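Notes to accompany the following structure.
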Amino acid sequence: MKILSNQNWKSISTLSLLAIVVLSSCGGNEAPPQSAPIETQFLQLKTSNEDQVSYYPGSMEGEVNVDIKPQVSGYIQEVYVQEGSFVKKGQPLFKIKSEVFEAQVANSDATYKAAIANLANAKNEVDKIEPLVESKVVTDVQLVTAKAAYDAAKAQVAQAKASLHSSVLNKNFSLITAPVSGFVGRITNKIGTLVTLSDSNPLTTLSKIDQIFVYFSLPEKDYLILQKEQGKEFQKINLELADGSIYQIAGRLESANGNINSTTGTMTMKAIFSNPNHLLRSGGTGKVILHQQLNTVIALPKYCVKDIQDQLFVFALKDSNKIAMQPIHSFGSNDSCYFVNNGVNNGDKIATNRIDALYDGEVVKPIIKNK
């Protein structure tokens with residue numbers, strides 16, 4: 001075997017390196033292969049009739065809420081009801097000590113009886129003097145005086161009768177009864193508490209809750225849609241309770257205030273719900289759910305929409321299978337769709353997958369689906 005010299009090894013190494021460089025330089029003149037367009041699904045839009053659902057926080061009130069206040073001053077002697085209990089109209093609620101009022105009744109009654117007796121005497125005096133005047137035994141002056149005394153006695157009777165009636169009323173007011181049937185609210189005054197006519201806080205509140213009113217604020221934009229699209233009435237009204245459940249009875253809508261608040265841009269509305277089982281209570285909270293039937297609108301599935309800093313975008317298929325990222329405007333939504341009135345049109349093709357990977361101007365291999 002012939003042994004190669006160092007000079008030969010160097011020559012071979014040099015030639016090998018030159019060959020590698022030449023091959024590399026030849027390969028660098030070729031463009032890298034372009035990736036094939038990626039299959040992307042598109043939805044061809046069509047107008048449709050949709051149900052728009054909107055949620056509005058609200059507060060509940062009974063159809064009648066009555067503050068119970070004393071009509072006479074005195075110390076509470078009895079409390080006949082408990083907080084949260086149901087009472088019927090006319091049922092006793094509180095008793096104010098009535099000894100003073102009973103004494104006033106007795107005094108007024110005595111004054112009234114004395115006035116009646118005085119009236120009878122005055123009448124007798126007139127009856128006695130009249131024939132004497134006719135026979136000219138006494139002068140007309142005495143008769144005039146007697147009749148004046150009689151008229152004064154009648155006035156005293158009327159005054160005493162009114163005073164007696166007032167005393168009886170005050171005595172009756174010492175027993176406070178329910179003006180309506182309803183549920184008893186908080187009772188802040190206990191037995192022995194002095195209550196007066198000037199007290200600002202009521203003894204309690206009675207709530208009649210056979211119907212419940214839920215008050216909420218409706219934005220001006222939604223109010224205008226209500227007027228234009230629904231003939232002043234929503235198709236369906238529901239109530240979501242605090243635990244997330246839906247109240248079983250649908251309600252109806254009324255305007256609680258005919259004006260729009262210029263500060264908040266909202267109108268106060270009232271949703272009325274029948275409450276036969278008294279599940280709903282005054283002071284409760286919930287969300288009024290309004291359903292609107294929208295006719296011939298474009299409904300975009302939410303998974304087609306890209307949200308960037310509160311601006312909504314979609315990827316629309318254009319000529320040569322290029323896509324364009326374009327903004328849209330939504331005037332409402334439901335659980336699954338945006339309702340769009342600007343940015344897309346009937347018949348447009350909108351990407352439904354790869355939303356986070358797509359970019360403006362990308363060429364794709366479209367797969368079209370009709371809605």
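Identifiers in the structure tokens: chain A, B, ... in order shown; residue index from 1 per chain; ligand index from 1 in order shown.
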
Report task. Write out as JSON, numbers by chain the residues lying within 6 Å of Phe339 of chain A, counting only C-alpha atoms and excluding same-chain residues fewer than 2 positions away. Result -> {"A": [298, 299, 330, 331, 332, 333]}

Query raised in the report: Can you list, as a VMD selection string, every protein, DNA or RNA residue that comes within 10 Å of segment 263-274 of chain A when you count only C-alpha atoms, leaving out same-chain residues fewer than 6 positions away?
Result: chain A and resid 58 to 63 209 to 223 237 to 239 247 to 257 280 288 to 290

Report task. Please provide the set of residues having any atom within 12 Å of Leu169 of chain A, restricted to only C-alpha atoms, with same-chain residues fewer than 5 positions apart removed, written as a list in words. Result ->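 Here the qualifying residues turn out to be Gln71, Val72, Ser98, Phe101, Glu102, Gln104, Val105, Ser108, Ala162, Ser163, Leu164, Ser174, Leu175 and Ile176 of chain A.
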
Would you save the residues from that selection as a compact mmCIF listing (two decimals), in the first residue's frame, using N, CA and C atoms?
# COMPACT_ATOMS: atom_id res chain seq x y z
N GLN A 71 -100.68 58.04 64.19
CA GLN A 71 -101.50 59.24 64.01
C GLN A 71 -101.73 59.96 65.33
N VAL A 72 -101.24 59.37 66.42
CA VAL A 72 -101.23 60.02 67.73
C VAL A 72 -99.89 59.73 68.39
N SER A 98 -103.50 53.98 75.72
CA SER A 98 -104.70 54.76 75.38
C SER A 98 -105.37 55.41 76.58
N PHE A 101 -106.18 59.04 76.03
CA PHE A 101 -107.23 59.23 75.03
C PHE A 101 -108.60 58.83 75.57
N GLU A 102 -108.63 57.81 76.44
CA GLU A 102 -109.89 57.42 77.05
C GLU A 102 -110.41 58.52 77.97
N GLN A 104 -109.75 61.71 77.60
CA GLN A 104 -110.22 62.78 76.72
C GLN A 104 -111.61 62.49 76.18
N VAL A 105 -111.87 61.21 75.88
CA VAL A 105 -113.20 60.83 75.40
C VAL A 105 -114.24 61.07 76.49
N SER A 108 -114.78 64.83 76.88
CA SER A 108 -115.52 65.38 75.74
C SER A 108 -116.98 64.93 75.77
N ALA A 162 -118.11 67.78 67.92
CA ALA A 162 -116.88 67.65 67.13
C ALA A 162 -115.71 67.27 68.03
N SER A 163 -115.65 67.87 69.22
CA SER A 163 -114.57 67.54 70.15
C SER A 163 -114.65 66.09 70.59
N LEU A 164 -115.86 65.61 70.83
CA LEU A 164 -116.05 64.21 71.22
C LEU A 164 -115.63 63.28 70.07
N SER A 174 -105.08 54.91 68.59
CA SER A 174 -104.09 54.27 69.46
C SER A 174 -103.93 52.79 69.11
N LEU A 175 -104.91 52.22 68.43
CA LEU A 175 -104.78 50.86 67.90
C LEU A 175 -104.49 50.99 66.40
N ILE A 176 -103.28 50.62 66.01
CA ILE A 176 -102.85 50.77 64.62
C ILE A 176 -103.09 49.45 63.89

Query raised in the report: So which residues of segment 3-243 of chain A fall under alpha helix (DSSP H) by DSSP, listed as a PyMOL selection string?
Result: chain A and resi 6-27+99-134+140-173+220-230

Return as JSON lines the residues of segment 295-331 of chain A lying at most 7 Å from segment 46-52 of chain A, together with the closest atom-to-atom pair for each and the distance in Å to one decimal, counting only C-alpha atoms, with rows in chain order and ascending residue number.
{"residue": "A:Asn295", "atom": "CA", "partner": "A:Asn49", "partner_atom": "CA", "distance": 4.4}
{"residue": "A:Thr296", "atom": "CA", "partner": "A:Ser48", "partner_atom": "CA", "distance": 4.7}
{"residue": "A:Val297", "atom": "CA", "partner": "A:Thr47", "partner_atom": "CA", "distance": 5.0}
{"residue": "A:Ile298", "atom": "CA", "partner": "A:Thr47", "partner_atom": "CA", "distance": 4.7}

Requested in this report: Give me the residues within 9 Å of Ser336 of chain A as a ChimeraX atom specification, counting only C-alpha atoms and dropping any in the same chain fewer than 4 places off.
Outcome: /A:300-303

Prev. selection, N, CA and C atoms, output as a PDB file, in the first residue's frame:
ATOM      1  N   LEU A 300     -73.926  37.547  12.957  1.00  0.00           N
ATOM      2  CA  LEU A 300     -72.584  36.976  12.835  1.00  0.00           C
ATOM      3  C   LEU A 300     -72.275  36.128  14.065  1.00  0.00           C
ATOM      4  N   PRO A 301     -71.969  34.848  13.884  1.00  0.00           N
ATOM      5  CA  PRO A 301     -71.550  34.047  15.043  1.00  0.00           C
ATOM      6  C   PRO A 301     -70.356  34.689  15.735  1.00  0.00           C
ATOM      7  N   LYS A 302     -70.365  34.663  17.053  1.00  0.00           N
ATOM      8  CA  LYS A 302     -69.315  35.344  17.803  1.00  0.00           C
ATOM      9  C   LYS A 302     -67.940  34.739  17.563  1.00  0.00           C
ATOM     10  N   TYR A 303     -67.894  33.439  17.197  1.00  0.00           N
ATOM     11  CA  TYR A 303     -66.585  32.827  16.970  1.00  0.00           C
ATOM     12  C   TYR A 303     -65.935  33.319  15.671  1.00  0.00           C
TER      13      TYR A 303
END
